[in-house]
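Colleague: Provided herewith: input-v7.txt, compact mmCIF, C-alpha atoms and all ligand atoms.
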```txt
# COMPACT_ATOMS: atom_id res chain seq x y z
CA MET A 1 3.09 -36.32 34.03
CA ASN A 2 1.94 -37.72 37.35
CA LEU A 3 -1.76 -38.28 38.02
CA LYS A 4 -1.24 -40.75 40.88
CA GLY A 5 -3.82 -40.31 43.63
CA ARG A 6 -6.13 -38.12 41.51
CA SER A 7 -9.80 -38.87 41.01
CA PHE A 8 -11.32 -38.72 37.52
CA LEU A 9 -14.66 -36.97 38.02
CA LYS A 10 -15.00 -34.53 35.11
CA LEU A 11 -12.72 -33.18 32.39
CA LEU A 12 -13.05 -29.62 33.70
CA ASP A 13 -10.62 -30.75 36.45
CA PHE A 14 -7.90 -31.71 33.93
CA THR A 15 -5.56 -29.70 31.71
CA PRO A 16 -5.39 -30.33 27.96
CA GLU A 17 -1.95 -31.90 28.48
CA GLU A 18 -3.30 -34.29 31.11
CA ILE A 19 -6.21 -35.32 28.87
CA LEU A 20 -3.90 -35.95 25.90
CA TYR A 21 -1.51 -37.87 28.15
CA LEU A 22 -4.36 -40.23 29.13
CA VAL A 23 -5.33 -40.70 25.47
CA ASP A 24 -1.72 -41.50 24.52
CA LEU A 25 -1.35 -43.87 27.48
CA ALA A 26 -4.51 -45.66 26.30
CA ALA A 27 -3.06 -46.00 22.79
CA GLU A 28 0.09 -47.58 24.29
CA LEU A 29 -2.00 -49.97 26.40
CA LYS A 30 -4.08 -50.86 23.34
CA GLU A 31 -0.95 -51.71 21.37
CA LYS A 32 0.35 -53.86 24.23
CA LYS A 33 -2.97 -55.71 24.43
CA LYS A 34 -3.00 -56.34 20.66
CA LYS A 35 0.55 -57.71 20.84
CA GLY A 36 -0.37 -59.98 23.75
CA ILE A 37 1.99 -58.16 26.15
CA LEU A 38 0.60 -58.71 29.64
CA THR A 39 0.31 -55.88 32.18
CA LYS A 40 -0.86 -57.96 35.12
CA GLU A 41 2.14 -57.13 37.26
CA TYR A 42 1.29 -53.38 37.20
CA HIS A 43 -1.22 -53.51 40.04
CA ALA A 44 -1.24 -57.17 41.06
CA GLY A 45 -2.93 -57.82 44.37
CA LYS A 46 -5.03 -54.63 44.36
CA ASN A 47 -8.81 -54.40 44.19
CA VAL A 48 -11.38 -51.94 42.86
CA ALA A 49 -15.10 -51.47 43.63
CA LEU A 50 -17.54 -50.77 40.80
CA ILE A 51 -20.77 -49.07 41.88
CA PHE A 52 -23.53 -49.00 39.26
CA GLU A 53 -26.76 -47.26 40.23
CA LYS A 54 -27.73 -47.30 36.53
CA THR A 55 -27.37 -50.15 34.02
CA SER A 56 -24.34 -50.59 31.76
CA THR A 57 -22.72 -52.88 29.22
CA ARG A 58 -19.60 -51.05 27.95
CA THR A 59 -18.55 -49.18 31.08
CA ARG A 60 -18.92 -52.12 33.42
CA CYS A 61 -17.17 -54.56 31.09
CA SER A 62 -14.41 -52.03 30.41
CA PHE A 63 -13.70 -51.51 34.10
CA GLU A 64 -13.78 -55.25 34.80
CA VAL A 65 -11.54 -56.28 31.88
CA ALA A 66 -9.17 -53.36 32.47
CA ALA A 67 -8.92 -54.23 36.17
CA TYR A 68 -8.14 -57.88 35.39
CA ASP A 69 -5.59 -56.85 32.74
CA LEU A 70 -3.84 -54.70 35.38
CA GLY A 71 -3.77 -57.64 37.79
CA MET A 72 -6.59 -56.37 40.00
CA GLY A 73 -9.68 -57.97 41.41
CA CYS A 74 -13.02 -56.16 41.30
CA THR A 75 -16.37 -56.18 43.05
CA TYR A 76 -19.50 -55.14 41.12
CA LEU A 77 -22.24 -53.51 43.20
CA ASP A 78 -25.58 -53.16 41.42
CA PRO A 79 -28.40 -50.81 42.45
CA SER A 80 -30.26 -53.43 44.45
CA SER A 81 -27.46 -55.28 46.22
CA SER A 82 -25.82 -52.67 48.43
CA GLN A 83 -26.83 -50.28 51.19
CA ILE A 84 -25.70 -47.21 49.19
CA GLY A 85 -28.01 -44.24 49.52
CA LYS A 86 -30.84 -46.24 51.07
CA LYS A 87 -29.40 -47.30 54.43
CA GLU A 88 -25.96 -45.73 54.24
CA SER A 89 -24.86 -42.28 53.15
CA ILE A 90 -22.37 -41.68 50.35
CA ALA A 91 -19.84 -40.30 52.85
CA ASP A 92 -20.06 -43.46 55.01
CA THR A 93 -19.97 -45.76 51.97
CA ALA A 94 -16.89 -43.92 50.70
CA ARG A 95 -15.02 -44.48 53.96
CA VAL A 96 -15.97 -48.17 54.09
CA LEU A 97 -15.02 -48.93 50.47
CA GLY A 98 -11.95 -46.69 50.67
CA SER A 99 -10.61 -48.89 53.45
CA MET A 100 -10.88 -52.08 51.39
CA TYR A 101 -10.27 -51.03 47.78
CA GLU A 102 -7.55 -49.09 45.99
CA GLY A 103 -10.05 -47.33 43.70
CA ILE A 104 -13.81 -46.87 43.26
CA GLU A 105 -15.88 -46.43 40.10
CA TYR A 106 -19.29 -44.78 40.41
CA ARG A 107 -22.13 -44.59 37.86
CA GLY A 108 -25.29 -42.88 38.99
CA PHE A 109 -27.30 -39.73 39.17
CA GLU A 110 -26.14 -36.27 40.28
CA GLN A 111 -22.52 -35.22 39.77
CA GLU A 112 -22.42 -34.08 43.41
CA ILE A 113 -22.73 -37.73 44.52
CA VAL A 114 -19.52 -38.79 42.79
CA GLU A 115 -17.81 -35.61 44.03
CA GLU A 116 -18.90 -36.47 47.60
CA LEU A 117 -17.66 -40.04 47.21
CA ALA A 118 -14.25 -38.74 46.11
CA LYS A 119 -14.13 -36.29 49.02
CA TYR A 120 -14.43 -39.08 51.61
CA ALA A 121 -12.97 -42.18 49.93
CA GLY A 122 -9.26 -41.48 50.40
CA VAL A 123 -8.61 -43.42 47.16
CA PRO A 124 -9.12 -42.41 43.50
CA VAL A 125 -12.78 -42.30 42.40
CA TRP A 126 -13.68 -42.64 38.71
CA ASN A 127 -16.90 -41.24 37.23
CA GLY A 128 -18.54 -43.95 35.12
CA LEU A 129 -21.41 -41.56 34.11
CA THR A 130 -23.56 -39.08 35.99
CA ASN A 131 -26.51 -37.02 34.76
CA GLU A 132 -24.09 -34.17 34.05
CA PHE A 133 -20.92 -35.82 32.71
CA HIS A 134 -19.47 -38.98 31.13
CA PRO A 135 -15.71 -38.29 31.19
CA THR A 136 -14.36 -41.80 30.48
CA GLN A 137 -16.46 -41.85 27.30
CA MET A 138 -14.66 -38.67 26.18
CA LEU A 139 -11.24 -40.29 26.31
CA ALA A 140 -12.50 -43.17 24.15
CA ASP A 141 -14.04 -40.72 21.71
CA VAL A 142 -10.88 -38.60 21.42
CA LEU A 143 -8.76 -41.73 20.91
CA THR A 144 -11.19 -42.87 18.19
CA ILE A 145 -11.13 -39.45 16.50
CA LYS A 146 -7.32 -39.46 16.56
CA GLU A 147 -7.20 -42.97 15.08
CA LYS A 148 -9.75 -42.24 12.36
CA LEU A 149 -8.96 -38.63 11.40
CA GLY A 150 -5.29 -38.47 12.38
CA ARG A 151 -5.74 -35.25 14.33
CA ILE A 152 -7.64 -33.73 17.25
CA LYS A 153 -7.07 -29.96 17.26
CA GLY A 154 -9.25 -28.16 14.74
CA VAL A 155 -11.66 -31.10 14.29
CA LYS A 156 -15.25 -29.95 13.80
CA LEU A 157 -17.67 -32.00 15.93
CA THR A 158 -21.43 -31.55 15.64
CA TYR A 159 -23.71 -33.00 18.30
CA MET A 160 -27.39 -33.53 17.41
CA GLY A 161 -30.16 -34.33 19.93
CA ASP A 162 -30.57 -33.56 23.64
CA ALA A 163 -27.57 -31.31 24.28
CA ARG A 164 -28.45 -30.60 27.92
CA TYR A 165 -27.30 -33.93 29.33
CA ASN A 166 -24.09 -35.86 30.12
CA MET A 167 -22.92 -36.58 26.58
CA ALA A 168 -23.22 -33.14 25.00
CA ASN A 169 -21.95 -31.45 28.18
CA SER A 170 -18.87 -33.65 28.17
CA LEU A 171 -18.25 -33.31 24.43
CA MET A 172 -18.50 -29.52 24.70
CA VAL A 173 -15.94 -29.55 27.54
CA VAL A 174 -13.49 -31.88 25.78
CA CYS A 175 -13.75 -29.90 22.54
CA ALA A 176 -13.07 -26.66 24.43
CA LYS A 177 -10.09 -28.19 26.23
CA LEU A 178 -8.53 -29.70 23.11
CA GLY A 179 -9.07 -26.87 20.62
CA MET A 180 -11.87 -28.55 18.68
CA HIS A 181 -14.92 -26.86 17.14
CA PHE A 182 -18.09 -27.94 18.97
CA THR A 183 -21.56 -27.33 17.58
CA ALA A 184 -24.78 -28.25 19.36
CA CYS A 185 -27.29 -28.63 16.53
CA THR A 186 -30.72 -28.97 18.11
CA SER A 187 -33.88 -27.14 19.10
CA ALA A 188 -33.07 -24.17 21.41
CA LYS A 189 -34.91 -25.89 24.26
CA TYR A 190 -32.20 -28.59 24.20
CA PHE A 191 -29.17 -26.26 24.15
CA PRO A 192 -26.69 -26.89 26.97
CA ASP A 193 -26.85 -24.96 30.24
CA LYS A 194 -25.71 -21.36 29.78
CA ALA A 195 -23.26 -21.41 32.69
CA LEU A 196 -21.46 -24.43 31.21
CA VAL A 197 -21.50 -22.85 27.73
CA ASP A 198 -19.90 -19.71 29.21
CA THR A 199 -17.25 -21.76 31.03
CA CYS A 200 -16.45 -23.67 27.82
CA LYS A 201 -16.26 -20.43 25.82
CA GLU A 202 -13.70 -19.09 28.32
CA ILE A 203 -11.61 -22.26 27.95
CA ALA A 204 -12.06 -22.14 24.16
CA ALA A 205 -10.60 -18.64 24.06
CA GLN A 206 -7.32 -20.12 25.36
CA THR A 207 -7.21 -23.19 23.11
CA GLY A 208 -8.53 -22.01 19.74
CA ALA A 209 -11.73 -24.02 20.12
CA THR A 210 -15.14 -22.61 19.21
CA ILE A 211 -18.57 -23.29 20.71
CA THR A 212 -21.61 -22.84 18.46
CA LEU A 213 -25.29 -23.42 19.20
CA THR A 214 -27.66 -23.62 16.24
CA GLU A 215 -31.15 -24.86 15.42
CA ASP A 216 -30.31 -25.07 11.70
CA VAL A 217 -29.42 -28.63 10.59
CA LYS A 218 -27.88 -27.55 7.27
CA GLU A 219 -25.68 -24.95 8.90
CA GLY A 220 -24.86 -27.12 11.92
CA THR A 221 -23.76 -30.21 10.02
CA LYS A 222 -22.04 -28.46 7.06
CA GLY A 223 -18.44 -29.64 6.85
CA ALA A 224 -18.54 -31.50 10.18
CA ASP A 225 -15.73 -34.03 10.63
CA VAL A 226 -17.69 -35.82 13.35
CA VAL A 227 -21.47 -36.10 13.59
CA TYR A 228 -22.37 -37.32 17.08
CA THR A 229 -25.67 -38.25 18.68
CA ASP A 230 -27.04 -40.01 21.77
CA VAL A 231 -30.37 -41.42 22.91
CA TRP A 232 -33.24 -38.93 23.14
CA VAL A 233 -34.25 -40.14 26.60
CA SER A 234 -31.46 -40.89 29.06
CA MET A 235 -31.30 -43.38 31.91
CA GLY A 236 -33.25 -42.17 34.91
CA GLU A 237 -35.62 -39.96 32.91
CA PRO A 238 -39.37 -40.74 33.05
CA ASP A 239 -41.11 -42.52 30.14
CA SER A 240 -43.53 -39.59 29.98
CA VAL A 241 -40.95 -37.48 28.11
CA TRP A 242 -40.84 -39.77 25.05
CA THR A 243 -43.73 -37.99 23.29
CA GLU A 244 -42.16 -34.53 23.40
CA ARG A 245 -38.65 -35.81 22.67
CA ILE A 246 -39.76 -37.65 19.52
CA LYS A 247 -41.66 -34.60 18.31
CA GLU A 248 -38.98 -32.05 19.14
CA LEU A 249 -35.81 -34.01 18.33
CA SER A 250 -36.90 -35.87 15.16
CA PRO A 251 -35.71 -32.95 12.97
CA TYR A 252 -32.26 -33.57 14.50
CA GLN A 253 -32.08 -37.29 13.68
CA VAL A 254 -28.72 -38.27 12.15
CA ASN A 255 -29.73 -39.54 8.72
CA LYS A 256 -28.18 -39.76 5.26
CA ALA A 257 -29.11 -36.16 4.44
CA ALA A 258 -27.25 -34.89 7.52
CA MET A 259 -24.19 -37.04 6.77
CA ASP A 260 -24.20 -36.01 3.09
CA ASN A 261 -24.39 -32.37 4.14
CA ALA A 262 -21.39 -32.92 6.43
CA GLY A 263 -19.42 -34.46 3.58
CA PRO A 264 -17.61 -37.71 2.75
CA GLN A 265 -14.84 -37.04 5.30
CA ALA A 266 -17.32 -37.15 8.19
CA ILE A 267 -17.46 -40.01 10.67
CA PHE A 268 -20.55 -40.93 12.68
CA MET A 269 -20.15 -41.43 16.43
CA HIS A 270 -22.50 -42.55 19.23
CA CYS A 271 -21.66 -43.57 22.79
CA LEU A 272 -24.19 -46.45 22.49
CA PRO A 273 -26.58 -48.06 23.16
CA ALA A 274 -28.47 -46.69 20.12
CA PHE A 275 -32.04 -46.95 18.85
CA HIS A 276 -31.52 -47.57 15.13
CA ASP A 277 -33.81 -50.55 14.48
CA LEU A 278 -36.51 -52.70 16.06
CA LYS A 279 -34.20 -55.28 17.64
CA THR A 280 -34.66 -53.97 21.19
CA VAL A 281 -37.60 -54.17 23.61
CA ILE A 282 -37.79 -50.39 24.01
CA GLY A 283 -37.35 -49.86 20.26
CA ARG A 284 -40.38 -52.08 19.62
CA GLU A 285 -42.45 -50.42 22.37
CA ILE A 286 -41.74 -46.97 20.92
CA SER A 287 -42.50 -48.24 17.43
CA ALA A 288 -45.87 -49.62 18.54
CA LYS A 289 -46.76 -46.36 20.29
CA PHE A 290 -45.37 -43.74 17.89
CA GLY A 291 -45.07 -45.58 14.56
CA ILE A 292 -41.33 -44.97 14.09
CA SER A 293 -38.67 -47.65 13.54
CA GLU A 294 -35.55 -45.54 14.10
CA MET A 295 -34.85 -42.70 16.48
CA GLU A 296 -31.67 -40.62 16.97
CA VAL A 297 -29.88 -42.31 14.05
CA THR A 298 -31.12 -44.22 11.01
CA ASP A 299 -30.04 -47.82 10.55
CA GLU A 300 -28.51 -46.78 7.23
CA VAL A 301 -26.08 -44.35 8.91
CA PHE A 302 -25.44 -46.63 11.90
CA GLU A 303 -24.41 -49.49 9.60
CA SER A 304 -22.57 -47.31 7.06
CA ALA A 305 -18.82 -47.21 6.43
CA GLN A 306 -18.76 -43.76 8.08
CA SER A 307 -19.92 -45.22 11.40
CA VAL A 308 -17.13 -45.85 13.93
CA VAL A 309 -19.34 -46.74 16.89
CA PHE A 310 -17.80 -50.13 17.59
CA ASP A 311 -14.26 -48.74 17.53
CA GLU A 312 -15.47 -46.23 20.13
CA ALA A 313 -16.90 -49.06 22.22
CA GLU A 314 -13.63 -51.01 22.13
CA ASN A 315 -11.69 -47.89 23.04
CA ARG A 316 -13.71 -47.55 26.23
CA MET A 317 -11.70 -50.44 27.67
CA HIS A 318 -8.27 -49.13 26.69
CA THR A 319 -9.00 -45.60 27.93
CA ILE A 320 -10.55 -46.75 31.21
CA LYS A 321 -7.45 -48.88 31.72
CA ALA A 322 -5.33 -45.76 31.19
CA VAL A 323 -7.37 -43.81 33.76
CA MET A 324 -6.99 -46.53 36.39
CA LEU A 325 -3.30 -47.02 35.63
CA ALA A 326 -2.47 -43.30 35.72
CA THR A 327 -4.38 -42.57 38.91
CA LEU A 328 -3.17 -45.69 40.74
CA GLY A 329 0.38 -45.07 39.51
CA VAL A 330 2.27 -46.02 36.36
CA PRO A 331 5.10 -48.41 37.34
CA GLU A 332 8.68 -47.51 36.41
CA GLN A 333 9.54 -49.23 33.13
N1 LIG A 401 -21.49 -45.76 26.39
C1 LIG A 401 -21.77 -46.31 27.59
O1 LIG A 401 -21.52 -45.72 28.67
O2 LIG A 401 -22.33 -47.54 27.52
P1 LIG A 401 -22.93 -48.40 28.73
O3 LIG A 401 -24.15 -47.66 29.22
O4 LIG A 401 -23.24 -49.73 28.14
O5 LIG A 401 -21.90 -48.47 29.82
N1 LIG A 402 -27.22 -40.01 27.80
C1 LIG A 402 -27.15 -41.44 27.97
C2 LIG A 402 -25.76 -41.93 27.83
C3 LIG A 402 -25.59 -43.43 27.92
C4 LIG A 402 -24.17 -43.88 27.77
C5 LIG A 402 -27.72 -41.79 29.33
O1 LIG A 402 -27.38 -41.11 30.31
O2 LIG A 402 -28.53 -42.72 29.41
```
Please re-express this file's structure in structure tokens.
Modeller:
Amino acid sequence: MNLKGRSFLKLLDFTPEEILYLVDLAAELKEKKKKGILTKEYHAGKNVALIFEKTSTRTRCSFEVAAYDLGMGCTYLDPSSSQIGKKESIADTARVLGSMYEGIEYRGFEQEIVEELAKYAGVPVWNGLTNEFHPTQMLADVLTIKEKLGRIKGVKLTYMGDARYNMANSLMVVCAKLGMHFTACTSAKYFPDKALVDTCKEIAAQTGATITLTEDVKEGTKGADVVYTDVWVSMGEPDSVWTERIKELSPYQVNKAAMDNAGPQAIFMHCLPAFHDLKTVIGREISAKFGISEMEVTDEVFESAQSVVFDEAENRMHTIKAVMLATLGVPEQ
């Protein structure tokens, strides 16, 4: 397997074997890290640029720690401190950064921006989240599923909430690629884009995966091995959508009833950050306005033994390290 020189923009660009290779490479890197085996000689002296047009905790820290662990330096560019998009086009930025750095991470808005960056950079570009896709999160999630359930193929994953955005899109693609059973359990208005559903169904026909869309919570969560959710309002969306989201997505909150209906084998997953209590500024603002103290997941489920959200978060670092290592080149052992 040789992914050297490739960009990592969306999982549709990768074969099932390539995706599983990255997950296995991450598991190896995780084991090395736990044993204190250093990997700093792998890419010593190289540098990566991290562009964040949206905020981040996990993704930024994962790229930074992974870069340091691989011996690389990194530069973090936040939305306000660079010329990107405002005074300089993506194509020009790509050529400038591509001449100084060995790789570029981009988190921002439309998928076409990260695709454009990759077209002009001349070095690998890694998608750290766009409106449409969050591919590095998928590797962490698959690694977590493998660790917790001991298998990937045939796993039944149910996503509840806004299934039209980056997380559900990406989960549907990864399930299709890896022969998993994906269900979007939400109001029909929030079903994923039909063209992407059709593409995933075509892939699923080759891998044994299935793609199901249902509005019925009982049917959608029955027997699920993984119950997954995400925030009801994503970064970059206007505050004005909160009212309709709370009204329309509340029936699809992940609560004890949904987990009980899935069964005791089920794990709860969330990319984080999550609104499960009143310990955040936005959580308190929403509570004051709408009178609710929990949103996409109840605190009870979030804190339960079935919740693996912090394992997922840790696995972001190991999987992002695998993506950088594979695309910059795995040294001969
Ligand atoms: N899951 C995730 O992408 O988290 P951050 O927004 O903190 O990077
Ligand atoms: N859908 C969320 C994912 C955050 C990791 C967002 O785009 O804000």
Colleague: Show me which residues are within 10 Å of ligand LIG 401 (chain A) counting only C-alpha atoms and all ligand atoms, and format the list as a PyMOL selection string.
Modeller: chain A and resi 52+54-63+107+128-129+134-138+140+167+230+234-235+270-274+309+312-313+316
Colleague: What's the 12 Å shell around A:Ala118, counting all atoms listed in the file, without same-chain residues fewer than 4 positions away, as a list in words?
Modeller: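 Result of the neighbour search: Gly5, Arg6, Ser7, Phe8, Leu9, Lys10, Ile90, Ala91, Asp92, Thr93, Ala94, Arg95, Leu97, Gly98, Gly103, Ile104, Glu105, Tyr106, Gln111, Glu112, Ile113, Val114, Gly122, Val123, Pro124, Val125, Trp126 and Asn127 of chain A.
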Colleague: State, in Å with one decimal place, the distance from atom CA of A:Asp13 to atom CA of A:Asp69.
Modeller: 26.8 Å
Colleague: For ligand LIG 402 (chain A), which of A:Leu213, A:Ala26, A:Ala49, A:Val233 is the closest residue, counting all atoms listed in the file?
Modeller: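 That would be A:Val233, the residue with the smallest distance to ligand LIG 402 (chain A).
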Colleague: Quick one: pull the distance between atom CA of A:Ala168 and atom CA of A:Ala184, Å, one decimal.
Modeller: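 That distance, rounded to one decimal, is 7.6 Å.
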Colleague: Could you name the residues that touch stretch 289-292 of chain A at 10 Å or less, counting only C-alpha atoms, but leaving out those on the same chain fewer than 5 positions away, as a list of chain:residue names?
Modeller: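 Residues near the query, excluding close chain neighbours: A:Trp242, A:Thr243, A:Ile246, A:Lys247, A:Asp277, A:Leu278, A:Gly283, A:Arg284.
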Colleague: Print the selection's residues with C-alpha atoms to a file, as an mmCIF file, in the coordinates of the input.
Modeller:
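Saved to result20.cif:
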```cif
data_model
loop_
_atom_site.group_PDB
_atom_site.id
_atom_site.type_symbol
_atom_site.label_atom_id
_atom_site.label_comp_id
_atom_site.auth_asym_id
_atom_site.auth_seq_id
_atom_site.Cartn_x
_atom_site.Cartn_y
_atom_site.Cartn_z
ATOM 1 C CA TRP A 242 -40.840 -39.770 25.050
ATOM 2 C CA THR A 243 -43.730 -37.990 23.290
ATOM 3 C CA ILE A 246 -39.760 -37.650 19.520
ATOM 4 C CA LYS A 247 -41.660 -34.600 18.310
ATOM 5 C CA ASP A 277 -33.810 -50.550 14.480
ATOM 6 C CA LEU A 278 -36.510 -52.700 16.060
ATOM 7 C CA GLY A 283 -37.350 -49.860 20.260
ATOM 8 C CA ARG A 284 -40.380 -52.080 19.620
#
```
Colleague: Which is closest to ligand LIG 402 (chain A) among A:Lys119, A:Lys86, A:Lys4, A:Arg164, if we use all atoms listed in the file?
Modeller: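 The answer is A:Arg164, which sits nearest to ligand LIG 402 (chain A).
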Colleague: Would you please work out which residue, of A:Ser304, A:Thr15, A:Ser81, A:Thr158, is nearest to A:Glu215 when using all atoms listed in the file?
Modeller: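 Once distances to A:Glu215 are computed over all atoms listed in the file, the minimum belongs to A:Thr158.
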Colleague: Which residues are near A:Glu31? Cut-off 10 Å, all atoms listed in the file, ignore same chain within fewer than 6 positions. Put them as an MDAnalysis selection string.
Modeller: chainID A and resid 25 37 318
Colleague: Return the single residue from A:Asn47, A:Thr144, A:Ser80, A:Ser250 that is closest to A:Ala67, with distances computed using all atoms listed in the file.
Modeller: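 With all atoms listed in the file as the atom set, the closest residue is A:Asn47.
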Colleague: Can you pull out the residues contacting A:Gly263? Cut-off 6 Å, using all atoms listed in the file, and skip same-chain residues under 3 positions away; I want them as a PyMOL selection string.
Modeller: chain A and resi 223+260+266
Colleague: Selected residues, C-alpha atoms, written as a CSV table (one decimal), in the coordinates of the input, please.
Modeller:
```csv
chain,number,residue,atom,x,y,z
A,223,GLY,CA,-18.4,-29.6,6.8
A,260,ASP,CA,-24.2,-36.0,3.1
A,266,ALA,CA,-17.3,-37.2,8.2
```
Colleague: Nearest to ligand LIG 402 (chain A): which of A:Ala163, A:Val241, A:Leu70, A:Val23 is it, counting only C-alpha atoms and all ligand atoms?
Modeller: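 Selected residue with least distance to ligand LIG 402 (chain A): A:Ala163.
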Colleague: Could you tell me how far atom CA of A:Asp198 lies from atom CA of A:Leu11, in Å and to one decimal?
Modeller: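 Between these atoms lies a distance of 15.6 Å.
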Colleague: Using all atoms listed in the file, determine which residues lie at most 9 Å from A:Gly45, disregarding the query and same-chain residues fewer than 5 positions distant; provide the list as a list in words.
Modeller: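 Once the nearby chain positions are removed, what remains is Gly71, Met72 and Gly73 of chain A.
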Colleague: Using only C-alpha atoms, pick whichever of A:Ala288, A:Leu29, A:Val217, A:Val254 has the shortest atom-to-atom distance to A:Trp232.
Modeller: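 When distances to A:Trp232 are compared using only C-alpha atoms, the smallest one comes from A:Val254.
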Colleague: Listed atoms of stretch 215-224 of chain A, axis-aligned box, 8 Å per side: centre and edge lengths to one decimal in Å, as AutoDock Vina command-line options?
Modeller:
```
--center_x -24.8 --center_y -28.2 --center_z 11.1 --size_x 28.7 --size_y 22.6 --size_z 24.6
```
